[in-house]
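**Q** PDB, C-alpha atoms, pLDDT in the B column, saved as structure_18.pdb, coming up:
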ATOM      1  CA  GLN A   1     108.075 117.494 102.578  1.00 90.00           C
ATOM      2  CA  VAL A   2     105.786 115.719 100.181  1.00 94.00           C
ATOM      3  CA  GLN A   3     102.404 114.387 101.255  1.00 96.00           C
ATOM      4  CA  LEU A   4     100.786 111.486  99.426  1.00 97.00           C
ATOM      5  CA  VAL A   5      97.150 110.429  99.625  1.00 96.00           C
ATOM      6  CA  GLU A   6      96.001 107.174  98.019  1.00 95.00           C
ATOM      7  CA  SER A   7      92.507 106.138  97.056  1.00 95.00           C
ATOM      8  CA  GLY A   8      90.790 103.437  95.060  1.00 96.00           C
ATOM      9  CA  GLY A   9      91.452 100.245  96.978  1.00 94.00           C
ATOM     10  CA  GLY A  10      88.769  97.751  97.840  1.00 97.00           C
ATOM     11  CA  LEU A  11      87.459  94.231  97.446  1.00 98.00           C
ATOM     12  CA  VAL A  12      87.211  92.659  94.012  1.00 98.00           C
ATOM     13  CA  GLN A  13      86.763  89.175  92.621  1.00 98.00           C
ATOM     14  CA  ALA A  14      89.564  87.415  90.810  1.00 98.00           C
ATOM     15  CA  GLY A  15      89.722  88.572  87.216  1.00 98.00           C
ATOM     16  CA  GLY A  16      88.361  91.975  88.081  1.00 98.00           C
ATOM     17  CA  SER A  17      89.909  95.425  87.916  1.00 98.00           C
ATOM     18  CA  LEU A  18      90.712  98.299  90.231  1.00 98.00           C
ATOM     19  CA  ARG A  19      92.278 101.697  89.702  1.00 98.00           C
ATOM     20  CA  LEU A  20      94.406 103.266  92.408  1.00 98.00           C
ATOM     21  CA  SER A  21      95.126 106.986  92.563  1.00 98.00           C
ATOM     22  CA  CYS A  22      97.737 108.904  94.519  1.00 98.00           C
ATOM     23  CA  ALA A  23      97.784 112.675  94.782  1.00 97.00           C
ATOM     24  CA  ALA A  24     100.949 114.442  95.863  1.00 96.00           C
ATOM     25  CA  SER A  25     101.078 117.814  97.584  1.00 95.00           C
ATOM     26  CA  GLY A  26     103.649 119.974  99.314  1.00 94.00           C
ATOM     27  CA  ARG A  27     107.168 120.314  97.894  1.00 91.00           C
ATOM     28  CA  THR A  28     106.410 118.404  94.718  1.00 90.00           C
ATOM     29  CA  PHE A  29     108.623 120.437  92.383  1.00 89.00           C
ATOM     30  CA  GLY A  30     111.575 118.130  93.039  1.00 88.00           C
ATOM     31  CA  VAL A  31     109.742 114.837  92.638  1.00 91.00           C
ATOM     32  CA  ASN A  32     111.199 112.852  89.742  1.00 91.00           C
ATOM     33  CA  THR A  33     109.748 109.392  90.294  1.00 94.00           C
ATOM     34  CA  MET A  34     106.400 108.180  91.549  1.00 95.00           C
ATOM     35  CA  GLY A  35     105.246 104.656  91.931  1.00 97.00           C
ATOM     36  CA  TRP A  36     103.525 101.902  93.820  1.00 98.00           C
ATOM     37  CA  TYR A  37     104.709  99.271  96.248  1.00 98.00           C
ATOM     38  CA  ARG A  38     102.727  96.620  98.057  1.00 98.00           C
ATOM     39  CA  GLN A  39     103.025  94.589 101.217  1.00 98.00           C
ATOM     40  CA  ALA A  40     101.129  91.414 101.974  1.00 97.00           C
ATOM     41  CA  PRO A  41     100.850  90.031 105.536  1.00 95.00           C
ATOM     42  CA  GLY A  42     104.092  88.390 106.599  1.00 96.00           C
ATOM     43  CA  LYS A  43     105.949  89.568 103.511  1.00 97.00           C
ATOM     44  CA  GLN A  44     108.347  92.387 102.729  1.00 97.00           C
ATOM     45  CA  ARG A  45     107.234  95.469 100.884  1.00 97.00           C
ATOM     46  CA  GLU A  46     107.869  95.022  97.173  1.00 98.00           C
ATOM     47  CA  LEU A  47     107.977  97.189  94.109  1.00 98.00           C
ATOM     48  CA  VAL A  48     104.928  97.037  91.864  1.00 98.00           C
ATOM     49  CA  ALA A  49     105.550  99.809  89.324  1.00 98.00           C
ATOM     50  CA  THR A  50     107.345 103.125  89.050  1.00 97.00           C
ATOM     51  CA  LYS A  51     107.344 105.890  86.484  1.00 95.00           C
ATOM     52  CA  HIS A  52     109.937 108.612  86.028  1.00 91.00           C
ATOM     53  CA  ASN A  53     109.098 112.159  85.001  1.00 85.00           C
ATOM     54  CA  GLY A  54     110.654 111.404  81.647  1.00 77.00           C
ATOM     55  CA  GLY A  55     108.159 108.652  81.040  1.00 80.00           C
ATOM     56  CA  THR A  56     110.206 105.519  81.753  1.00 85.00           C
ATOM     57  CA  ALA A  57     108.139 102.891  83.574  1.00 95.00           C
ATOM     58  CA  ALA A  58     109.244  99.756  85.381  1.00 97.00           C
ATOM     59  CA  TYR A  59     107.099  96.855  86.541  1.00 98.00           C
ATOM     60  CA  ALA A  60     107.486  93.833  88.744  1.00 98.00           C
ATOM     61  CA  ASN A  61     107.495  90.668  86.647  1.00 98.00           C
ATOM     62  CA  SER A  62     104.427  89.437  88.489  1.00 98.00           C
ATOM     63  CA  VAL A  63     102.266  92.329  87.226  1.00 98.00           C
ATOM     64  CA  LYS A  64     103.626  92.901  83.721  1.00 98.00           C
ATOM     65  CA  GLY A  65     100.865  92.829  81.155  1.00 97.00           C
ATOM     66  CA  ARG A  66      98.171  93.252  83.803  1.00 98.00           C
ATOM     67  CA  PHE A  67      98.989  96.534  85.568  1.00 98.00           C
ATOM     68  CA  THR A  68      99.617  99.925  84.001  1.00 98.00           C
ATOM     69  CA  ILE A  69     101.109 102.936  85.754  1.00 98.00           C
ATOM     70  CA  SER A  70     100.412 106.424  84.499  1.00 96.00           C
ATOM     71  CA  ARG A  71     101.046 109.937  85.699  1.00 93.00           C
ATOM     72  CA  ASP A  72      99.373 113.289  85.343  1.00 91.00           C
ATOM     73  CA  ASN A  73     102.268 115.604  86.084  1.00 86.00           C
ATOM     74  CA  ALA A  74     100.054 118.683  85.967  1.00 89.00           C
ATOM     75  CA  LYS A  75      97.992 117.228  88.807  1.00 91.00           C
ATOM     76  CA  ASN A  76     100.924 115.588  90.614  1.00 91.00           C
ATOM     77  CA  THR A  77      98.955 112.371  90.538  1.00 94.00           C
ATOM     78  CA  VAL A  78      99.959 108.815  89.755  1.00 96.00           C
ATOM     79  CA  TYR A  79      97.562 106.031  88.862  1.00 97.00           C
ATOM     80  CA  LEU A  80      97.760 102.258  88.845  1.00 98.00           C
ATOM     81  CA  GLN A  81      95.283 100.447  86.629  1.00 98.00           C
ATOM     82  CA  MET A  82      95.103  96.849  87.770  1.00 98.00           C
ATOM     83  CA  ASN A  83      93.421  94.318  85.486  1.00 98.00           C
ATOM     84  CA  SER A  84      93.052  90.548  85.656  1.00 98.00           C
ATOM     85  CA  LEU A  85      93.554  90.674  89.406  1.00 98.00           C
ATOM     86  CA  LYS A  86      94.602  87.527  91.226  1.00 98.00           C
ATOM     87  CA  PRO A  87      94.242  86.582  94.900  1.00 97.00           C
ATOM     88  CA  GLU A  88      98.020  86.891  95.239  1.00 97.00           C
ATOM     89  CA  ASP A  89      97.704  90.585  94.378  1.00 98.00           C
ATOM     90  CA  SER A  90      95.989  91.131  97.725  1.00 98.00           C
ATOM     91  CA  ALA A  91      98.053  93.525  99.825  1.00 98.00           C
ATOM     92  CA  VAL A  92      98.277  97.030 101.164  1.00 98.00           C
ATOM     93  CA  TYR A  93      99.376  99.212  98.280  1.00 98.00           C
ATOM     94  CA  TYR A  94     101.584 102.202  99.076  1.00 98.00           C
ATOM     95  CA  CYS A  95     102.229 105.203  96.924  1.00 98.00           C
ATOM     96  CA  ASN A  96     105.848 106.314  96.750  1.00 97.00           C
ATOM     97  CA  ALA A  97     107.510 109.501  95.556  1.00 96.00           C
ATOM     98  CA  ARG A  98     111.188 110.371  95.303  1.00 93.00           C
ATOM     99  CA  ASP A  99     112.931 113.696  94.873  1.00 91.00           C
ATOM    100  CA  GLY A 100     116.527 112.503  94.859  1.00 82.00           C
ATOM    101  CA  LEU A 101     116.905 113.132  98.559  1.00 83.00           C
ATOM    102  CA  SER A 102     114.157 111.260 100.339  1.00 88.00           C
ATOM    103  CA  PRO A 103     111.496 108.675  99.685  1.00 94.00           C
ATOM    104  CA  TYR A 104     107.972 109.648 100.670  1.00 97.00           C
ATOM    105  CA  TRP A 105     105.148 107.233 101.430  1.00 97.00           C
ATOM    106  CA  GLY A 106     101.401 107.361 101.524  1.00 97.00           C
ATOM    107  CA  GLN A 107      99.330 105.751 104.252  1.00 97.00           C
ATOM    108  CA  GLY A 108      98.444 102.749 102.098  1.00 97.00           C
ATOM    109  CA  THR A 109      95.229 101.413 100.637  1.00 97.00           C
ATOM    110  CA  GLN A 110      94.002  97.844 101.005  1.00 98.00           C
ATOM    111  CA  VAL A 111      93.386  95.729  97.926  1.00 98.00           C
ATOM    112  CA  THR A 112      91.704  92.385  98.492  1.00 98.00           C
ATOM    113  CA  VAL A 113      91.103  89.944  95.653  1.00 98.00           C
ATOM    114  CA  SER A 114      88.746  87.080  96.403  1.00 98.00           C
ATOM    115  CA  SER A 115      88.987  83.752  94.613  1.00 94.00           C
TER     116      SER A 115
END
What is this structure when it is put down as structure tokens?

**A**
Amino acid sequence: QVQLVESGGGLVQAGGSLRLSCAASGRTFGVNTMGWYRQAPGKQRELVATKHNGGTAAYANSVKGRFTISRDNAKNTVYLQMNSLKPEDSAVYYCNARDGLSPYWGQGTQVTVSS
């Protein structure tokens, strides 16, 4: 099992920035991809950004150029730097890790962007 703990959410004005962190613990040796998803009220959970151990990153079109995902493999931690935030970025953000067998999820952290 892999446990994920997110931090860094909060309330910010449009145009502002937030940095999310997610620390993984447990059986992390098999984790090959970590990333972030988000879910707004009444909507499905959607991919925000993922980053493979080898360095390849993928972003949702809606966040390209504004969000940056990074990983500290030594600390088993993934970060999401969010700049130029928009009200439509408001959602619960979930950390995700994959080891080729199972997806693991954090408890989620709320991000609210006011207009």

**Q** Env of Thr50 in chain A: 10 Å cut, atoms = all atoms listed in the file, seq-sep filter 6 positions within chain, self excluded. Answer as a list in words.

**A**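 Counting only the stated atoms, we get Thr33, Met34, Gly35, Trp36, Tyr37, Thr56, Ala57, Ala58, Tyr59, Ala60, Thr68, Ile69, Ser70, Arg71, Val78, Leu80, Cys95, Asn96 and Ala97 of chain A.
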
**Q** Residue by residue, what does the PyMOL selection byres ((chain A and resi 84) around 12) grab here? Present the result as a list in words.

**A**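 That expression, the PyMOL selection byres ((chain A and resi 84) around 12), corresponds here to Val12, Gln13, Ala14, Gly15, Gly16, Ser17, Leu18, Arg19, Ser62, Val63, Lys64, Gly65, Arg66, Phe67, Thr68, Gln81, Met82, Asn83, Leu85, Lys86, Pro87, Glu88, Asp89, Val113 and Ser115 of chain A.
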
**Q** Which is closer to Thr112 in chain A than all the others in A:Val48, A:Val92, A:Leu11, A:Cys22, using all atoms listed in the file?

**A**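 Comparing A:Val48, A:Val92, A:Leu11, A:Cys22 against Thr112 in chain A, the winner is A:Leu11.
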
**Q** Can you tell me which residues surround Val111 in chain A at a distance of at most 7 Å, considering all atoms listed in the file, apart from same-chain residues fewer than 6 positions away, and format the answer as a PyMOL selection string?

**A** chain A and resi 9-11+90-93

**Q** Which residues would end up in the selection if the PyMOL selection byres ((chain A and resi 25) around 6) were applied here, given that I need the answer as JSON, numbers by chain?

**A** {"A": [2, 3, 24, 26]}

**Q** Please work out which residues fall within 8 Å of (96.0, 107.8, 100.6), coordinates as given in the file, with all atoms listed in the file counting, and return them as a PyMOL selection string.

**A** chain A and resi 4-7+22-23+95+106-109

**Q** Applied to the shown file, which residues does the PyMOL selection byres ((chain A and resi 101) around 12) return, written as number ranges by chain?

**A** A: 1-2, 30-33, 97-100, 102-104

**Q** As an exercise, work out the distance from CA of Gly55 in chain A to CA of Ala40 in chain A in Å and give it to one decimal place.

**A**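 Computed distance, CA of Gly55 in chain A to CA of Ala40 in chain A, equals 28.0 Å.
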
**Q** How many Å separate CA of Ala74 in chain A from CA of Lys51 in chain A?

**A** 14.7 Å

**Q** Figure out the distance between CA of Gly54 in chain A and CA of Tyr94 in chain A, please, to one decimal in Å.

**A**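 Rounded to one decimal, the two atoms are 21.7 Å apart.
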
**Q** Point out the residue among A:Leu20, A:Gln110, A:Gly8, A:Gln39 with the least atom-to-atom distance to Tyr79 in chain A, counting all atoms listed in the file.

**A** A:Leu20

**Q** Give, as lines of an AutoDock Vina configuration file, the centre coordinates and the x, y and z edge lengths in Å to one decimal for an axis-aligned box around all listed atoms of range 69-88 of chain A, padded by 6 Å on each side.

**A**
center_x = 97.7
center_y = 102.6
center_z = 89.9
size_x = 21.2
size_y = 44.1
size_z = 22.7
